[in-house]
file input25.txt (compact mmCIF, C-alpha atoms)
# COMPACT_ATOMS: atom_id res chain seq x y z
CA MET G 1 81.51 28.56 66.94
CA SER G 2 80.33 29.80 70.25
CA ILE G 3 76.61 30.38 70.65
CA PHE G 4 77.51 33.87 71.99
CA THR G 5 79.35 34.95 68.83
CA ASP G 6 76.24 36.48 67.08
CA ARG G 7 74.95 38.29 70.14
CA PRO G 8 76.00 41.93 70.58
CA SER G 9 78.16 42.50 73.60
CA THR G 10 76.89 44.45 76.58
CA GLN G 11 79.39 47.19 75.69
CA ALA G 12 78.02 47.41 72.14
CA ILE G 13 74.46 47.68 73.40
CA ARG G 14 75.49 50.53 75.71
CA ARG G 15 77.20 52.34 72.82
CA ARG G 16 74.12 52.06 70.61
CA THR G 17 71.80 53.19 73.38
CA LEU G 18 74.01 56.15 74.20
CA GLY G 19 74.17 57.07 70.52
CA ALA G 20 70.40 56.95 70.22
CA LEU G 21 69.97 59.09 73.31
CA CYS G 22 72.48 61.63 72.02
CA ALA G 23 70.69 61.79 68.68
CA LEU G 24 67.36 62.27 70.41
CA THR G 25 68.81 64.98 72.63
CA LEU G 26 70.31 66.76 69.62
CA MET G 27 67.03 66.60 67.71
CA THR G 28 65.14 67.92 70.73
CA THR G 29 67.65 70.71 71.28
CA VAL G 30 67.57 71.74 67.63
CA GLY G 31 63.79 71.59 67.62
CA LEU G 32 63.52 73.75 70.72
CA SER G 33 66.09 76.18 69.32
CA VAL G 34 64.12 76.51 66.09
CA CYS G 35 60.91 77.04 68.04
CA ASN G 36 62.56 79.62 70.29
CA LEU G 37 64.03 81.40 67.26
CA ALA G 38 60.66 81.49 65.55
CA GLN G 39 59.05 82.81 68.72
CA ALA G 40 61.77 85.47 69.13
CA GLU G 41 61.31 86.55 65.53
CA SER G 42 57.54 86.80 65.94
CA ASN G 43 57.78 88.96 69.07
CA THR G 44 57.80 92.74 68.71
CA VAL G 45 59.97 94.91 70.95
CA LEU G 46 58.86 98.47 71.68
CA ARG G 47 61.75 100.62 72.89
CA ILE G 48 60.52 103.71 74.72
CA GLY G 49 62.81 106.65 75.43
CA TYR G 50 61.87 108.86 78.35
CA GLN G 51 63.23 111.60 80.55
CA LYS G 52 63.06 111.54 84.32
CA ALA G 53 61.09 114.80 84.14
CA ALA G 54 58.51 113.24 81.79
CA SER G 55 56.16 112.34 84.63
CA THR G 56 53.45 110.70 82.53
CA LEU G 57 55.84 108.18 81.00
CA VAL G 58 57.70 107.71 84.29
CA LEU G 59 54.45 106.73 86.01
CA LEU G 60 53.34 104.62 83.07
CA LYS G 61 56.58 102.68 83.45
CA ALA G 62 56.21 102.42 87.23
CA HIS G 63 52.59 101.23 87.12
CA GLY G 64 53.27 98.57 84.48
CA ALA G 65 49.88 98.83 82.78
CA LEU G 66 51.37 99.15 79.32
CA GLU G 67 53.50 96.03 79.68
CA LYS G 68 50.50 94.00 80.83
CA ARG G 69 48.36 95.11 77.93
CA LEU G 70 51.02 94.67 75.25
CA LYS G 71 52.18 91.30 76.56
CA ALA G 72 48.92 89.81 75.36
CA GLN G 73 49.81 91.12 71.89
CA GLY G 74 53.24 89.49 71.96
CA VAL G 75 54.97 92.85 72.43
CA GLU G 76 57.84 93.37 74.84
CA VAL G 77 58.45 96.87 76.24
CA LYS G 78 61.94 98.16 76.97
CA TRP G 79 62.66 101.54 78.56
CA ALA G 80 65.69 103.82 78.18
CA GLU G 81 66.23 107.03 80.19
CA PHE G 82 67.76 110.19 78.70
CA ALA G 83 68.83 113.51 80.22
CA ALA G 84 66.71 115.59 77.82
CA GLY G 85 64.86 115.60 74.50
CA PRO G 86 67.84 116.20 72.19
CA GLN G 87 69.69 113.20 73.60
CA LEU G 88 66.58 111.07 73.28
CA LEU G 89 66.12 112.01 69.64
CA GLU G 90 69.76 111.27 68.89
CA ALA G 91 68.98 107.72 69.99
CA LEU G 92 65.87 107.66 67.81
CA ASN G 93 67.93 108.94 64.89
CA VAL G 94 70.36 106.00 65.12
CA GLY G 95 67.58 103.46 65.55
CA SER G 96 67.90 102.78 69.29
CA VAL G 97 64.45 104.10 70.26
CA ASP G 98 61.00 103.56 68.73
CA PHE G 99 58.89 105.99 70.76
CA GLY G 100 59.54 108.99 72.99
CA TYR G 101 58.24 112.18 74.58
CA VAL G 102 59.99 115.53 73.99
CA GLY G 103 59.35 119.27 73.85
CA GLU G 104 58.61 121.39 70.78
CA ALA G 105 62.17 122.21 69.70
CA PRO G 106 63.91 118.79 69.70
CA PRO G 107 61.85 117.45 66.76
CA VAL G 108 62.90 120.44 64.65
CA PHE G 109 66.60 119.85 65.30
CA ALA G 110 66.16 116.11 64.78
CA GLN G 111 64.32 116.52 61.47
CA ALA G 112 66.99 118.90 60.23
CA ALA G 113 69.59 116.25 61.13
CA GLY G 114 67.75 113.68 59.03
CA ALA G 115 65.99 111.71 61.77
CA ASN G 116 63.29 109.46 60.37
CA PHE G 117 60.39 109.98 62.77
CA VAL G 118 56.73 110.97 62.79
CA TYR G 119 54.62 113.05 65.16
CA SER G 120 52.19 110.69 66.93
CA ALA G 121 50.43 113.00 69.43
CA TYR G 122 50.89 116.21 71.40
CA GLU G 123 50.10 117.64 74.81
CA ILE G 124 47.95 120.75 74.84
CA PRO G 125 49.84 123.99 75.63
CA THR G 126 51.65 124.27 78.98
CA PRO G 127 53.61 127.55 78.76
CA ASP G 128 53.77 127.99 82.54
CA ALA G 129 55.85 124.82 82.83
CA GLU G 130 59.06 126.53 81.66
CA ALA G 131 60.77 129.81 82.44
CA ILE G 132 63.99 131.78 82.53
CA LEU G 133 65.20 131.89 86.14
CA VAL G 134 67.63 134.25 87.85
CA PRO G 135 69.19 134.07 91.33
CA LYS G 136 67.07 135.53 94.11
CA ASP G 137 69.41 138.50 94.58
CA SER G 138 69.93 139.16 90.85
CA THR G 139 69.64 142.74 89.65
CA LEU G 140 68.00 141.55 86.43
CA LYS G 141 64.36 142.59 86.36
CA SER G 142 63.22 141.80 82.83
CA VAL G 143 64.22 139.80 79.75
CA ALA G 144 65.57 143.02 78.22
CA ASP G 145 68.19 143.04 80.99
CA LEU G 146 69.67 139.81 79.61
CA LYS G 147 71.59 141.72 76.93
CA GLY G 148 75.24 140.72 77.17
CA LYS G 149 74.48 138.10 79.85
CA LYS G 150 75.20 134.38 80.06
CA VAL G 151 72.07 132.25 79.80
CA ALA G 152 72.29 128.51 80.41
CA PHE G 153 70.01 125.99 78.72
CA ASN G 154 70.05 122.63 77.00
CA LYS G 155 70.78 123.19 73.31
CA GLY G 156 67.99 121.96 71.06
CA SER G 157 65.51 121.54 73.91
CA ASP G 158 62.13 123.24 74.29
CA VAL G 159 63.68 126.03 76.39
CA HIS G 160 65.94 126.84 73.44
CA TRP G 161 62.82 128.04 71.65
CA LEU G 162 61.64 129.74 74.86
CA VAL G 163 64.82 131.80 75.00
CA VAL G 164 64.58 132.79 71.34
CA ALA G 165 60.89 133.72 71.64
CA LEU G 166 61.29 135.72 74.86
CA LEU G 167 64.27 137.64 73.49
CA LYS G 168 62.32 138.55 70.36
CA LYS G 169 59.36 139.65 72.46
CA ALA G 170 61.69 141.89 74.50
CA GLY G 171 63.20 143.45 71.37
CA LEU G 172 66.49 141.58 71.62
CA ARG G 173 68.28 139.35 69.14
CA TYR G 174 69.62 135.91 69.90
CA SER G 175 73.11 137.29 69.36
CA ASP G 176 72.53 139.78 72.19
CA ILE G 177 73.07 137.07 74.81
CA GLU G 178 75.82 134.55 75.43
CA PRO G 179 74.21 131.10 75.29
CA VAL G 180 75.77 128.49 77.57
CA TYR G 181 74.69 125.06 76.40
CA LEU G 182 74.35 122.75 79.38
CA ALA G 183 72.18 119.77 80.31
CA PRO G 184 69.82 120.40 83.27
CA ALA G 185 72.07 119.04 86.03
CA ASP G 186 75.14 120.90 84.78
CA ALA G 187 73.11 124.06 84.18
CA ARG G 188 71.84 124.03 87.75
CA ALA G 189 75.38 123.61 89.07
CA ALA G 190 76.54 126.59 87.00
CA PHE G 191 73.52 128.58 88.15
CA GLU G 192 74.24 127.86 91.81
CA LYS G 193 77.91 128.84 91.43
CA GLY G 194 77.04 132.11 89.72
CA ALA G 195 78.82 131.01 86.55
CA VAL G 196 75.78 132.06 84.50
CA ASP G 197 73.39 134.96 84.90
CA ALA G 198 70.19 133.10 84.08
CA TRP G 199 68.91 129.61 83.47
CA ALA G 200 66.10 128.52 81.15
CA ILE G 201 64.53 125.34 82.43
CA TRP G 202 61.32 123.31 82.60
CA ASP G 203 59.45 121.59 85.41
CA PRO G 204 60.00 119.86 87.75
CA PHE G 205 63.52 121.32 87.70
CA GLN G 206 62.04 124.81 87.59
CA ALA G 207 59.90 124.20 90.67
CA ALA G 208 62.87 122.63 92.46
CA ALA G 209 65.07 125.68 91.82
CA GLU G 210 62.32 128.00 92.96
CA LYS G 211 61.95 126.19 96.28
CA GLN G 212 65.48 124.99 97.00
CA LEU G 213 67.44 127.97 95.65
CA GLN G 214 64.74 130.64 95.91
CA ALA G 215 65.35 131.26 92.22
CA ARG G 216 63.17 133.98 90.75
CA ARG G 217 61.25 133.78 87.51
CA LEU G 218 62.38 136.45 85.07
CA ALA G 219 59.73 135.32 82.60
CA SER G 220 57.73 132.17 81.91
CA GLY G 221 56.53 130.93 78.57
CA VAL G 222 53.07 132.43 79.04
CA GLY G 223 52.33 134.82 76.19
CA ALA G 224 55.47 133.84 74.28
CA VAL G 225 55.32 130.10 73.46
CA SER G 226 52.81 127.28 73.51
CA HIS G 227 55.25 124.78 74.99
CA HIS G 228 53.72 121.76 73.31
CA GLN G 229 55.07 118.37 74.26
CA PHE G 230 55.16 115.65 71.61
CA PHE G 231 55.05 111.91 71.39
CA LEU G 232 57.24 110.88 68.47
CA SER G 233 57.66 107.49 66.81
CA ALA G 234 60.34 106.09 64.56
CA ARG G 235 58.73 106.05 61.12
CA PRO G 236 59.53 102.37 60.35
CA PHE G 237 57.91 101.33 63.64
CA ALA G 238 54.87 103.58 63.12
CA GLU G 239 54.32 102.21 59.61
CA LYS G 240 54.52 98.61 60.76
CA HIS G 241 52.93 98.75 64.20
CA ALA G 242 50.09 101.28 64.17
CA ASP G 243 48.08 98.96 66.45
CA VAL G 244 50.84 98.98 69.07
CA LEU G 245 51.12 102.77 69.04
CA ARG G 246 47.35 103.08 69.37
CA ILE G 247 47.51 101.03 72.58
CA VAL G 248 50.46 103.07 73.85
CA LEU G 249 48.65 106.37 73.33
CA GLU G 250 45.50 105.01 74.97
CA GLU G 251 47.50 104.02 78.05
CA VAL G 252 49.32 107.36 78.07
CA SER G 253 45.97 109.16 78.06
CA ARG G 254 44.70 106.98 80.91
CA GLU G 255 47.84 107.78 82.89
CA GLY G 256 47.28 111.48 82.25
CA GLN G 257 43.72 111.24 83.50
CA TRP G 258 44.93 109.47 86.64
CA ILE G 259 47.54 112.18 87.30
CA ARG G 260 44.96 114.95 86.95
CA ALA G 261 42.64 113.19 89.39
CA ASN G 262 45.37 112.11 91.84
CA THR G 263 48.04 114.81 91.63
CA ALA G 264 49.25 114.53 95.23
CA GLN G 265 49.46 110.74 95.01
CA ALA G 266 51.27 110.97 91.69
CA ALA G 267 53.77 113.39 93.23
CA ALA G 268 54.38 111.03 96.14
CA GLN G 269 55.07 108.15 93.76
CA LEU G 270 57.39 110.26 91.61
CA ALA G 271 59.38 111.62 94.57
CA PRO G 272 61.80 108.68 95.01
CA ILE G 273 62.19 108.33 91.23
CA GLN G 274 62.85 111.99 90.47
CA GLY G 275 64.73 112.61 93.72
CA LEU G 276 62.62 115.63 94.66
CA ASP G 277 60.20 116.47 97.45
CA PRO G 278 56.57 115.58 96.69
CA ASP G 279 55.43 119.19 97.14
CA VAL G 280 57.96 120.36 94.55
CA ILE G 281 56.83 117.70 92.09
CA GLU G 282 53.19 118.57 92.70
CA VAL G 283 53.84 122.18 91.70
CA GLY G 284 55.41 120.98 88.48
CA LEU G 285 52.63 118.48 87.76
CA LYS G 286 50.01 121.22 88.06
CA ARG G 287 51.78 123.27 85.42
CA TYR G 288 51.33 120.50 82.84
CA ALA G 289 47.99 119.61 81.27
CA HIS G 290 48.38 115.81 80.91
CA ILE G 291 45.88 115.95 78.05
CA PHE G 292 47.04 114.46 74.75
CA LYS G 293 45.57 114.85 71.27
CA PRO G 294 46.35 113.92 67.65
CA VAL G 295 48.60 116.45 65.93
CA ASP G 296 46.54 118.96 63.90
CA ALA G 297 47.23 121.66 61.32
CA GLN G 298 47.52 124.48 63.86
CA VAL G 299 50.15 122.62 65.87
CA LEU G 300 52.10 121.89 62.71
CA GLU G 301 51.98 125.58 61.77
CA GLU G 302 53.51 126.48 65.12
CA GLN G 303 56.21 123.85 64.65
CA GLN G 304 56.94 125.24 61.20
CA ARG G 305 57.36 128.73 62.66
CA ILE G 306 59.91 127.35 65.13
CA ALA G 307 61.74 125.56 62.31
CA ASP G 308 61.82 128.66 60.11
CA THR G 309 63.12 130.80 62.97
CA PHE G 310 65.85 128.33 63.85
CA TYR G 311 66.94 128.20 60.21
CA GLU G 312 67.09 132.00 60.01
CA LEU G 313 69.28 132.00 63.13
CA LYS G 314 71.48 129.30 61.56
CA LEU G 315 70.69 126.99 64.46
CA ILE G 316 69.72 124.24 62.02
CA PRO G 317 71.62 123.54 58.77
CA LYS G 318 68.71 123.50 56.32
CA LYS G 319 65.09 124.46 55.86
CA ILE G 320 62.63 121.73 56.70
CA ASN G 321 58.98 121.03 56.02
CA VAL G 322 57.52 119.93 59.35
CA SER G 323 54.56 118.22 57.67
CA ASP G 324 57.01 115.72 56.17
CA ALA G 325 57.14 114.18 59.64
CA ILE G 326 53.48 113.17 59.52
CA LEU G 327 52.43 109.63 58.61
CA LYS G 328 50.41 109.99 55.44

call {"tool": "encode", "arguments": {"input": "input25.txt", "output": "structure tokens"}}
result
Amino acid sequence: MSIFTDRPSTQAIRRRTLGALCALTLMTTVGLSVCNLAQAESNTVLRIGYQKAASTLVLLKAHGALEKRLKAQGVEVKWAEFAAGPQLLEALNVGSVDFGYVGEAPPVFAQAAGANFVYSAYEIPTPDAEAILVPKDSTLKSVADLKGKKVAFNKGSDVHWLVVALLKKAGLRYSDIEPVYLAPADARAAFEKGAVDAWAIWDPFQAAAEKQLQARRLASGVGAVSHHQFFLSARPFAEKHADVLRIVLEEVSREGQWIRANTAQAAAQLAPIQGLDPDVIEVGLKRYAHIFKPVDAQVLEEQQRIADTFYELKLIPKKINVSDAILK
């Protein structure tokens, strides 16, 4: 028998080596995959819904301070833009958003639709930041003149409540006007074409219409509404991640302080994002307070009044208890 018979062939050695390397590679790949999966599962994702007009959140996103702070906590931040509050809360209702900033009416409509959210904070009253506008040459002189007229506004938004409140103050009923439900961009187009008689809108779109179209204020929210703005959170997220929301609200407050101290600079930074002139944006910024506080009993009472009124007008399908949307 040849002395080479018991020795493995060079080809066999190569096969064994290749097999060992493949096994090692597979084990390494599986190990890394398991590690990556565990890491992915341990990371928290915060999905923030915002509107282009929500200057505080827009600047918070642009400055990146929140991402830097939350990264150390293993939290990833994702942003999603919406045309207005009602659209944002639809996303929250279906579980696509964890946190957002809206006006006083959208939470009422959302709660009536079964959205599972909680009030996290509010902005102190800013009634001058919304108004009903009419064309510069309009013959309408007061809210009472809106009887029988077409008024454009985003259904379920804060200006929906503005319209209702101003009509009541003027001795009119909601049924006395013809509501035309349009998102801000479409409402402005209709306003410019003369397809509607008036337009209820908030800043900075209000300030833009005043400057660019010479639109005239028929009435602002002053003396009629508080025009609170709210930070809302999906209840499951709020219950599980109170520490994350605390950091978010701290950074929001810091951003608000910066805007108040650097309004012109803030306007300049917002200009390319919002597509408006800095001077227009500055007017709008000055009409907001940028001061945020925990929701209190008085604010909830005002929200309840809005909810009760909307139910009476059959704008929402059922009565709601606003305090149910508070984390106990």

call {"tool": "residues_around", "arguments": {"input": "input25.txt", "residues": "segment 89-99 of chain G", "least_positions_apart": "3", "cutoff": "8 Å", "atoms": "all atoms listed in the file", "output": "PyMOL selection string"}}
result
chain G and resi 46-49+85-86+106-107+110+114-117+231-234+237

call {"tool": "closest_residue", "arguments": {"input": "input25.txt", "among": "G:Val164, G:Val58, G:Val75, G:Ala80", "to": "Ala224 of chain G", "atoms": "only C-alpha atoms"}}
result
G:Val164

call {"tool": "closest_residue", "arguments": {"input": "input25.txt", "among": "G:Lys211, G:Arg260, G:His241, G:Lys52", "to": "Val280 of chain G", "atoms": "all atoms listed in the file"}}
result
G:Lys211

call {"tool": "atom_distance", "arguments": {"input": "input25.txt", "atom1": "atom CA of Leu59 of chain G", "atom2": "atom CA of Ala209 of chain G"}}
result
22.5 Å

call {"tool": "atom_distance", "arguments": {"input": "input25.txt", "atom1": "atom CA of Ala144 of chain G", "atom2": "atom CA of Ala165 of chain G"}}
result
12.3 Å

call {"tool": "residues_around", "arguments": {"input": "input25.txt", "residues": "segment 261-267 of chain G", "least_positions_apart": "6", "cutoff": "6 Å", "atoms": "all atoms listed in the file", "output": "VMD selection string"}}
result
chain G and resid 278 281 to 282

call {"tool": "atom_distance", "arguments": {"input": "input25.txt", "atom1": "atom CA of Ala297 of chain G", "atom2": "atom CA of Ser120 of chain G"}}
result
13.3 Å

call {"tool": "residues_near_point", "arguments": {"input": "input25.txt", "point": "(50.3, 91.3, 71.4)", "cutoff": "12 Å", "atoms": "all atoms listed in the file", "output": "list in words"}}
result
Ser42, Asn43, Thr44, Val45, Leu46, Leu66, Glu67, Lys68, Arg69, Leu70, Lys71, Ala72, Gln73, Gly74, Val75, Glu76, Val77, His241, Asp243, Val244, Leu245 and Ile247 of chain G

call {"tool": "closest_atom_pairs", "arguments": {"input": "input25.txt", "of": "segment 119-198 of chain G", "to": "segment 298-313 of chain G", "cutoff": "10 Å", "atoms": "only C-alpha atoms", "output": "CSV"}}
result
residue,atom,partner,partner_atom,distance
G:Tyr119,CA,G:Leu300,CA,9.5
G:Tyr122,CA,G:Val299,CA,8.5
G:Ile124,CA,G:Val299,CA,9.4
G:Pro125,CA,G:Val299,CA,9.9
G:Gly156,CA,G:Phe310,CA,9.9
G:His160,CA,G:Phe310,CA,9.7
G:Trp161,CA,G:Ile306,CA,7.2
G:Val164,CA,G:Thr309,CA,8.7
G:Ala165,CA,G:Ile306,CA,9.2
G:Arg173,CA,G:Leu313,CA,9.5
G:Tyr174,CA,G:Leu313,CA,7.8
G:Ser175,CA,G:Leu313,CA,9.0

call {"tool": "closest_residue", "arguments": {"input": "input25.txt", "among": "G:Leu60, G:Leu146, G:Lys314, G:Asp197", "to": "Gln269 of chain G", "atoms": "only C-alpha atoms"}}
result
G:Leu60

call {"tool": "closest_residue", "arguments": {"input": "input25.txt", "among": "G:Val159, G:Ile177, G:Ile273, G:Ala198", "to": "Lys61 of chain G", "atoms": "only C-alpha atoms"}}
result
G:Ile273
